[in-house]
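J.: Okay, so here is target.csv, and as you'll see once you scroll down, it has CSV, C-alpha atoms.
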```
chain,number,residue,atom,x,y,z
A,1448,MET,CA,-2.8,-1.7,20.1
A,1449,PRO,CA,-4.9,-4.8,19.3
A,1450,ALA,CA,-7.1,-6.2,22.0
A,1451,ASP,CA,-5.7,-9.0,24.1
A,1452,SER,CA,-7.3,-12.4,23.3
A,1453,PRO,CA,-5.9,-15.0,25.7
A,1454,ASN,CA,-6.8,-18.7,25.0
A,1455,LEU,CA,-8.5,-17.9,21.7
A,1456,SER,CA,-6.7,-20.7,19.9
A,1457,TRP,CA,-7.8,-23.1,22.7
A,1458,VAL,CA,-11.4,-22.1,22.2
A,1459,ARG,CA,-11.1,-23.2,18.6
A,1460,SER,CA,-10.3,-26.7,19.7
A,1461,LEU,CA,-13.3,-27.1,22.0
A,1462,LYS,CA,-15.8,-29.9,21.2
A,1463,LEU,CA,-19.3,-30.2,22.4
A,1464,GLU,CA,-21.1,-33.6,22.1
A,1465,GLY,CA,-23.6,-33.4,19.2
A,1466,HIS,CA,-22.0,-30.0,18.0
A,1467,PRO,CA,-18.5,-30.7,16.7
A,1468,GLU,CA,-18.3,-27.2,15.2
A,1469,PHE,CA,-18.9,-25.6,18.6
A,1470,GLY,CA,-15.3,-24.5,19.2
A,1471,ALA,CA,-14.8,-23.3,15.6
A,1472,LYS,CA,-18.1,-21.2,15.7
A,1473,LEU,CA,-17.2,-19.8,19.1
A,1474,PHE,CA,-13.7,-18.9,17.9
A,1475,GLU,CA,-15.3,-17.2,14.9
A,1476,LEU,CA,-17.6,-15.2,17.1
A,1477,LEU,CA,-14.9,-14.1,19.5
A,1478,SER,CA,-12.5,-13.2,16.6
A,1479,SER,CA,-15.2,-11.0,15.1
A,1480,PHE,CA,-15.6,-9.2,18.5
A,1481,LYS,CA,-11.8,-8.8,18.7
A,1482,GLY,CA,-11.7,-7.4,15.1
A,1483,ASN,CA,-14.5,-4.9,15.9
A,1484,LEU,CA,-12.7,-3.8,19.1
A,1485,ASP,CA,-9.5,-3.3,17.1
A,1486,THR,CA,-11.4,-1.2,14.6
A,1487,LEU,CA,-13.0,0.9,17.4
A,1488,GLU,CA,-9.6,1.4,19.0
A,1489,GLN,CA,-8.1,2.6,15.7
A,1490,GLN,CA,-11.0,5.0,14.9
A,1491,THR,CA,-11.0,6.6,18.4
A,1492,ASN,CA,-7.3,6.7,19.2
A,1493,SER,CA,-8.0,4.5,22.2
A,1494,ASN,CA,-6.0,1.9,23.9
A,1495,LEU,CA,-8.0,-1.1,25.2
A,1496,ASN,CA,-5.1,-2.1,27.4
A,1497,GLY,CA,-4.4,1.3,29.0
A,1498,THR,CA,-3.9,5.0,28.3
A,1499,PRO,CA,-3.2,6.0,24.7
A,1500,ALA,CA,0.3,7.3,24.0
A,1501,PRO,CA,0.6,11.0,23.2
A,1502,PRO,CA,1.2,12.0,19.6
A,1503,PRO,CA,4.8,12.7,18.4
A,1504,ASN,CA,6.3,16.0,19.5
A,1505,ILE,CA,5.6,19.3,17.7
A,1506,GLU,CA,8.7,20.6,15.8
A,1507,SER,CA,8.2,24.4,16.3
A,1508,VAL,CA,5.8,27.3,16.6
A,1509,THR,CA,6.0,30.7,15.0
A,1510,VAL,CA,4.0,33.7,16.3
A,1511,SER,CA,3.5,36.8,14.1
A,1512,PRO,CA,1.7,40.1,14.9
A,1513,THR,CA,-1.6,40.7,13.1
A,1514,ALA,CA,-3.7,43.8,12.8
A,1515,VAL,CA,-5.9,42.6,15.7
A,1516,GLY,CA,-3.5,40.5,17.7
A,1517,HIS,CA,-1.3,37.4,17.1
A,1518,HIS,CA,-1.1,34.6,14.5
A,1519,ILE,CA,0.2,31.2,15.6
A,1520,SER,CA,1.6,28.8,13.1
A,1521,ILE,CA,2.4,25.3,14.4
A,1522,ASN,CA,4.9,23.1,12.5
A,1523,HIS,CA,4.1,19.4,13.1
A,1524,GLY,CA,5.4,17.3,10.2
A,1525,ALA,CA,5.4,14.0,12.1
A,1526,ALA,CA,3.2,11.0,11.4
A,1527,PHE,CA,0.1,10.9,13.7
A,1528,TYR,CA,-3.5,9.7,13.9
A,1529,ARG,CA,-6.6,11.6,13.2
A,1530,GLY,CA,-8.2,13.2,16.3
A,1531,LEU,CA,-5.3,15.3,17.5
A,1532,PHE,CA,-5.8,18.5,19.4
A,1533,TYR,CA,-3.4,21.4,19.5
A,1534,HIS,CA,-3.3,23.6,22.6
A,1535,VAL,CA,-2.0,27.2,22.6
A,1536,GLU,CA,-1.3,29.1,25.7
A,1537,SER,CA,-0.3,32.8,26.0
A,1538,ALA,CA,1.0,34.7,29.0
A,1539,ASP,CA,2.5,38.1,29.7
A,1540,ASN,CA,5.6,36.5,31.2
A,1541,PRO,CA,8.2,34.0,29.9
A,1542,HIS,CA,7.5,31.7,32.9
A,1543,PHE,CA,3.9,31.2,31.8
A,1544,THR,CA,2.5,32.1,35.2
A,1545,ASN,CA,-1.3,32.3,34.9
A,1546,PRO,CA,-1.4,31.4,31.1
A,1547,TYR,CA,-4.5,31.8,29.0
A,1548,PRO,CA,-5.4,28.6,27.1
A,1549,GLU,CA,-6.8,28.9,23.5
A,1550,TYR,CA,-8.7,26.1,21.8
A,1551,SER,CA,-7.1,25.3,18.5
A,1552,GLY,CA,-8.6,21.9,17.8
A,1553,PRO,CA,-7.0,20.2,14.8
A,1554,ALA,CA,-5.9,23.6,13.2
A,1555,ARG,CA,-2.2,24.4,13.0
A,1556,GLU,CA,-2.9,28.0,12.0
A,1557,ILE,CA,-4.7,30.1,14.7
A,1558,ASN,CA,-5.6,33.9,14.7
A,1559,LEU,CA,-6.1,35.4,18.2
A,1560,ALA,CA,-7.7,38.8,18.8
A,1561,THR,CA,-5.3,39.7,21.6
A,1562,GLY,CA,-4.8,43.3,20.7
A,1563,PRO,CA,-1.5,45.2,20.9
A,1564,ARG,CA,-0.2,43.2,23.9
A,1565,ARG,CA,3.3,41.8,24.4
A,1566,LEU,CA,2.7,38.1,24.9
A,1567,TYR,CA,4.7,34.8,25.1
A,1568,PHE,CA,3.3,31.6,23.5
A,1569,GLN,CA,3.6,27.9,24.2
A,1570,VAL,CA,2.0,25.0,22.3
A,1571,PHE,CA,1.5,21.3,22.8
A,1572,ALA,CA,-0.7,18.5,21.4
A,1573,SER,CA,-2.7,15.6,22.6
A,1574,TYR,CA,-5.3,13.1,21.6
A,1575,GLN,CA,-8.6,13.3,23.5
A,1576,ASN,CA,-7.5,10.8,26.2
A,1577,SER,CA,-3.7,10.7,25.9
A,1578,GLY,CA,-1.0,12.6,27.7
A,1579,ASN,CA,0.5,15.8,26.2
A,1580,THR,CA,3.5,16.2,23.9
A,1581,ARG,CA,6.3,18.2,25.3
A,1582,VAL,CA,5.7,22.0,25.3
A,1583,ILE,CA,7.2,24.1,22.5
A,1584,PHE,CA,7.8,27.8,22.9
A,1585,HIS,CA,7.8,30.5,20.3
A,1586,GLY,CA,11.5,31.5,20.3
A,1587,GLY,CA,12.8,28.0,21.1
A,1588,ALA,CA,14.2,27.1,24.5
A,1589,ASN,CA,14.1,30.7,25.6
A,1590,PRO,CA,10.6,32.0,25.0
A,1591,GLN,CA,10.4,35.3,23.0
A,1592,SER,CA,7.6,37.8,23.2
A,1593,VAL,CA,5.6,39.2,20.3
A,1594,ILE,CA,3.8,42.5,20.3
A,1595,GLY,CA,0.4,42.1,18.6
A,1596,GLY,CA,-1.7,44.6,16.8
A,1597,THR,CA,0.6,45.3,13.8
A,1598,ALA,CA,0.4,44.3,10.1
A,1599,TYR,CA,2.1,41.1,9.0
A,1600,GLN,CA,2.5,38.7,6.0
A,1601,PRO,CA,1.5,35.2,7.1
A,1602,ALA,CA,3.8,32.2,6.3
A,1603,PRO,CA,2.3,29.4,4.2
A,1604,SER,CA,-0.5,27.5,5.9
A,1605,GLN,CA,0.4,24.4,7.9
A,1606,GLY,CA,-3.2,23.0,7.4
A,1607,GLY,CA,-5.0,21.0,10.1
A,1608,GLY,CA,-5.6,17.4,11.2
A,1609,THR,CA,-4.0,14.7,9.1
A,1610,SER,CA,-3.8,17.0,6.0
A,1611,ARG,CA,-0.6,18.3,4.5
A,1612,PRO,CA,0.5,21.9,4.6
A,1613,GLY,CA,-1.7,24.1,2.4
A,1614,GLU,CA,-4.6,21.6,2.1
A,1615,GLY,CA,-8.0,22.9,3.2
A,1616,ARG,CA,-11.3,21.4,4.2
A,1617,ALA,CA,-9.5,19.0,6.5
A,1618,GLY,CA,-11.0,19.2,10.0
A,1619,PHE,CA,-9.4,16.3,11.8
A,1620,GLY,CA,-8.4,14.9,8.4
A,1621,ALA,CA,-9.8,12.7,5.6
A,1622,VAL,CA,-7.4,9.9,6.3
A,1623,PRO,CA,-6.9,8.0,9.6
A,1624,TYR,CA,-3.2,8.9,10.0
A,1625,ARG,CA,-0.5,11.2,8.6
A,1626,GLY,CA,2.6,9.6,7.1
A,1627,ASN,CA,3.4,6.8,4.7
A,1628,LEU,CA,2.8,4.0,7.3
A,1629,PRO,CA,0.6,4.0,10.4
A,1630,PRO,CA,2.5,5.5,13.3
A,1631,THR,CA,3.7,3.1,15.9
A,1632,ARG,CA,1.5,3.2,19.0
A,1633,ASN,CA,3.3,2.8,22.3
A,1634,LYS,CA,2.2,-0.2,24.4
```
Kindly transcribe the structure held in the file into structure tokens.
T.:
Amino acid sequence: MPADSPNLSWVRSLKLEGHPEFGAKLFELLSSFKGNLDTLEQQTNSNLNGTPAPPPNIESVTVSPTAVGHHISINHGAAFYRGLFYHVESADNPHFTNPYPEYSGPAREINLATGPRRLYFQVFASYQNSGNTRVIFHGGANPQSVIGGTAYQPAPSQGGGTSRPGEGRAGFGAVPYRGNLPPTRNK
């Protein structure tokens, strides 16, 4: 959301005796500051007028058993900005009492060495300073458990950051947002 600039057009009309360009030069200076703040806001997923809005909701999560635990695959095809974090939590109960958080960062594919345990999984996303998306459970509205520690065939990679599924070397992404147009930021 662009920085507020009240009275900027009025500043342009200011005149100072002996310096008729005063208002125009001050307007130029303040406009430059505003442009730099807008760029900073864009690059850091910030909101100079308040708290940044959370990213769009995650579509689904699939958990598969692996030889050493569980593999989590997050499906998030929405348009969003670079700098998004995924949060994975596991618990031994479907109510997620005393859940264990796992750091995923920008990755939508996560391998956890949880051993042969029966666990439930929930995921959500956020930007560094935003609120969270709604929580998504493996199994949909009624969380389903997965017993880890068995062989599996992974689904195609969902990638990470602003990259597309199957793209590697992405980190938070090479482009500032995912989608054809910049996502709309809530005010």
J.: Which residue out of A:Asn1576, A:Ser1460, A:Ser1452, A:Ser1511 has the minimum interatomic distance to Ser1479 (chain A) when only C-alpha atoms are used?
T.: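 Under the stated criterion, the closest residue is A:Ser1452.
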J.: Ranking A:Gln1569, A:Asn1483, A:Gly1516, A:Tyr1533 by minimum distance to Gly1587 (chain A) and counting all atoms listed in the file, which one comes first?
T.: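 The closest residue to Gly1587 (chain A) is A:Gln1569.
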J.: Which residue, A:Asn1496, A:Thr1544, A:Ser1456, A:Thr1561, has the smallest gap to Gly1595 (chain A) when you use only C-alpha atoms?
T.: A:Thr1561
J.: Report the distance between CA of Leu1463 (chain A) and CA of Phe1480 (chain A) in Å, rounded to one decimal place.
T.: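 Interatomic distance here is 21.7 Å.
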J.: Give me, as a PyMOL selection string, all polymer residues having an atom no more than 12 Å from Arg1611 (chain A), counting all atoms listed in the file and skipping those fewer than 2 positions away in the same chain.
T.: chain A and resi 1522-1527+1554-1555+1603-1609+1613-1622+1624-1626
J.: Selection from above, C-alpha atoms, as a tab-separated table (two decimals), keeping the file's coordinate frame, can you write it?
T.:
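result-v4.tsv written:
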```tsv
chain	number	residue	atom	x	y	z
A	1522	ASN	CA	4.90	23.10	12.50
A	1523	HIS	CA	4.10	19.40	13.10
A	1524	GLY	CA	5.40	17.30	10.20
A	1525	ALA	CA	5.40	14.00	12.10
A	1526	ALA	CA	3.20	11.00	11.40
A	1527	PHE	CA	0.10	10.90	13.70
A	1554	ALA	CA	-5.90	23.60	13.20
A	1555	ARG	CA	-2.20	24.40	13.00
A	1603	PRO	CA	2.30	29.40	4.20
A	1604	SER	CA	-0.50	27.50	5.90
A	1605	GLN	CA	0.40	24.40	7.90
A	1606	GLY	CA	-3.20	23.00	7.40
A	1607	GLY	CA	-5.00	21.00	10.10
A	1608	GLY	CA	-5.60	17.40	11.20
A	1609	THR	CA	-4.00	14.70	9.10
A	1613	GLY	CA	-1.70	24.10	2.40
A	1614	GLU	CA	-4.60	21.60	2.10
A	1615	GLY	CA	-8.00	22.90	3.20
A	1616	ARG	CA	-11.30	21.40	4.20
A	1617	ALA	CA	-9.50	19.00	6.50
A	1618	GLY	CA	-11.00	19.20	10.00
A	1619	PHE	CA	-9.40	16.30	11.80
A	1620	GLY	CA	-8.40	14.90	8.40
A	1621	ALA	CA	-9.80	12.70	5.60
A	1622	VAL	CA	-7.40	9.90	6.30
A	1624	TYR	CA	-3.20	8.90	10.00
A	1625	ARG	CA	-0.50	11.20	8.60
A	1626	GLY	CA	2.60	9.60	7.10
```
J.: Nearest to Gly1552 (chain A) among A:Asn1540, A:Ser1573, A:Asn1504, A:Thr1631, with distances taken over all atoms listed in the file: which residue is it?
T.: A:Ser1573
J.: If we count all atoms listed in the file and set the cut-off at 6 Å, which residues sit around Ser1520 (chain A), ignoring sequence neighbours fewer than 3 positions away in its own chain? Please answer as a short mmCIF file (atom, residue, chain, number, x, y, z; two decimals) with C-alpha atoms, in the coordinates of the input.
T.:
```
data_model
loop_
_atom_site.label_atom_id
_atom_site.label_comp_id
_atom_site.auth_asym_id
_atom_site.auth_seq_id
_atom_site.Cartn_x
_atom_site.Cartn_y
_atom_site.Cartn_z
CA VAL A 1508 5.80 27.30 16.60
CA THR A 1509 6.00 30.70 15.00
CA ARG A 1555 -2.20 24.40 13.00
CA GLU A 1556 -2.90 28.00 12.00
#
```
J.: Any idea what the distance is between CA of Ala1560 (chain A) and CA of Ile1594 (chain A)?
T.: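 Atom-to-atom, CA of Ala1560 (chain A) and CA of Ile1594 (chain A) are spaced 12.2 Å apart.
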J.: Got a minute to add N, CA and C atoms to region 1530-1565 of chain A and dump it as a short mmCIF file (atom, residue, chain, number, x, y, z; two decimals), keeping the file's coordinate frame?
T.:
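Output below, filename out26.cif:
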```cif
data_model
loop_
_atom_site.label_atom_id
_atom_site.label_comp_id
_atom_site.auth_asym_id
_atom_site.auth_seq_id
_atom_site.Cartn_x
_atom_site.Cartn_y
_atom_site.Cartn_z
N GLY A 1530 -7.68 13.00 14.96
CA GLY A 1530 -8.20 13.20 16.30
C GLY A 1530 -7.31 13.98 17.21
N LEU A 1531 -6.25 14.56 16.66
CA LEU A 1531 -5.30 15.30 17.50
C LEU A 1531 -5.76 16.69 17.75
N PHE A 1532 -5.51 17.16 18.95
CA PHE A 1532 -5.80 18.50 19.40
C PHE A 1532 -4.56 19.29 19.62
N TYR A 1533 -4.53 20.55 19.16
CA TYR A 1533 -3.40 21.40 19.50
C TYR A 1533 -3.88 22.38 20.59
N HIS A 1534 -2.98 22.69 21.51
CA HIS A 1534 -3.30 23.60 22.60
C HIS A 1534 -2.29 24.73 22.58
N VAL A 1535 -2.82 25.94 22.59
CA VAL A 1535 -2.00 27.20 22.60
C VAL A 1535 -2.26 27.89 23.88
N GLU A 1536 -1.19 28.33 24.50
CA GLU A 1536 -1.30 29.10 25.70
C GLU A 1536 -0.48 30.39 25.57
N SER A 1537 -1.04 31.51 26.05
CA SER A 1537 -0.30 32.80 26.00
C SER A 1537 -0.19 33.30 27.46
N ALA A 1538 0.84 34.08 27.67
CA ALA A 1538 1.00 34.70 29.00
C ALA A 1538 1.82 36.00 28.80
N ASP A 1539 1.74 36.87 29.79
CA ASP A 1539 2.50 38.10 29.70
C ASP A 1539 3.88 38.00 30.31
N ASN A 1540 4.30 36.76 30.59
CA ASN A 1540 5.60 36.50 31.20
C ASN A 1540 6.21 35.24 30.60
N PRO A 1541 7.54 35.13 30.51
CA PRO A 1541 8.20 34.00 29.90
C PRO A 1541 8.12 32.70 30.76
N HIS A 1542 7.63 32.82 32.00
CA HIS A 1542 7.50 31.70 32.90
C HIS A 1542 6.10 31.04 32.79
N PHE A 1543 5.23 31.69 32.04
CA PHE A 1543 3.90 31.20 31.80
C PHE A 1543 3.09 31.09 33.13
N THR A 1544 3.30 32.05 34.01
CA THR A 1544 2.50 32.10 35.20
C THR A 1544 1.12 32.65 34.80
N ASN A 1545 0.06 31.97 35.21
CA ASN A 1545 -1.30 32.30 34.90
C ASN A 1545 -1.52 32.43 33.35
N PRO A 1546 -1.23 31.35 32.61
CA PRO A 1546 -1.40 31.40 31.10
C PRO A 1546 -2.86 31.33 30.74
N TYR A 1547 -3.14 31.87 29.55
CA TYR A 1547 -4.50 31.80 29.00
C TYR A 1547 -4.52 30.73 27.91
N PRO A 1548 -5.35 29.70 28.10
CA PRO A 1548 -5.40 28.60 27.10
C PRO A 1548 -6.34 29.09 25.92
N GLU A 1549 -5.99 28.65 24.74
CA GLU A 1549 -6.80 28.90 23.50
C GLU A 1549 -7.07 27.57 22.87
N TYR A 1550 -8.32 27.35 22.49
CA TYR A 1550 -8.70 26.10 21.80
C TYR A 1550 -8.28 26.23 20.34
N SER A 1551 -7.52 25.29 19.85
CA SER A 1551 -7.10 25.30 18.50
C SER A 1551 -7.73 24.11 17.71
N GLY A 1552 -8.11 23.06 18.43
CA GLY A 1552 -8.60 21.90 17.80
C GLY A 1552 -7.58 21.27 16.86
N PRO A 1553 -7.94 20.85 15.64
CA PRO A 1553 -7.00 20.20 14.80
C PRO A 1553 -6.16 21.27 13.94
N ALA A 1554 -6.52 22.57 14.03
CA ALA A 1554 -5.90 23.60 13.20
C ALA A 1554 -4.46 23.90 13.69
N ARG A 1555 -3.56 24.01 12.72
CA ARG A 1555 -2.20 24.40 13.00
C ARG A 1555 -1.95 25.89 12.72
N GLU A 1556 -2.99 26.60 12.29
CA GLU A 1556 -2.90 28.00 12.00
C GLU A 1556 -4.05 28.67 12.86
N ILE A 1557 -3.71 29.57 13.77
CA ILE A 1557 -4.70 30.10 14.70
C ILE A 1557 -4.48 31.66 14.73
N ASN A 1558 -5.57 32.41 14.56
CA ASN A 1558 -5.60 33.90 14.70
C ASN A 1558 -6.23 34.19 16.04
N LEU A 1559 -5.53 34.97 16.86
CA LEU A 1559 -6.10 35.40 18.20
C LEU A 1559 -6.25 36.88 18.19
N ALA A 1560 -7.41 37.33 18.61
CA ALA A 1560 -7.70 38.80 18.80
C ALA A 1560 -7.22 39.19 20.15
N THR A 1561 -5.92 39.34 20.30
CA THR A 1561 -5.30 39.70 21.60
C THR A 1561 -4.99 41.15 21.73
N GLY A 1562 -5.15 41.92 20.65
CA GLY A 1562 -4.80 43.30 20.70
C GLY A 1562 -3.34 43.59 20.69
N PRO A 1563 -2.95 44.83 21.00
CA PRO A 1563 -1.50 45.20 20.90
C PRO A 1563 -0.76 44.85 22.21
N ARG A 1564 -0.87 43.63 22.65
CA ARG A 1564 -0.20 43.20 23.90
C ARG A 1564 1.09 42.49 23.58
N ARG A 1565 2.03 42.58 24.49
CA ARG A 1565 3.30 41.80 24.40
C ARG A 1565 3.03 40.48 25.10
#
```
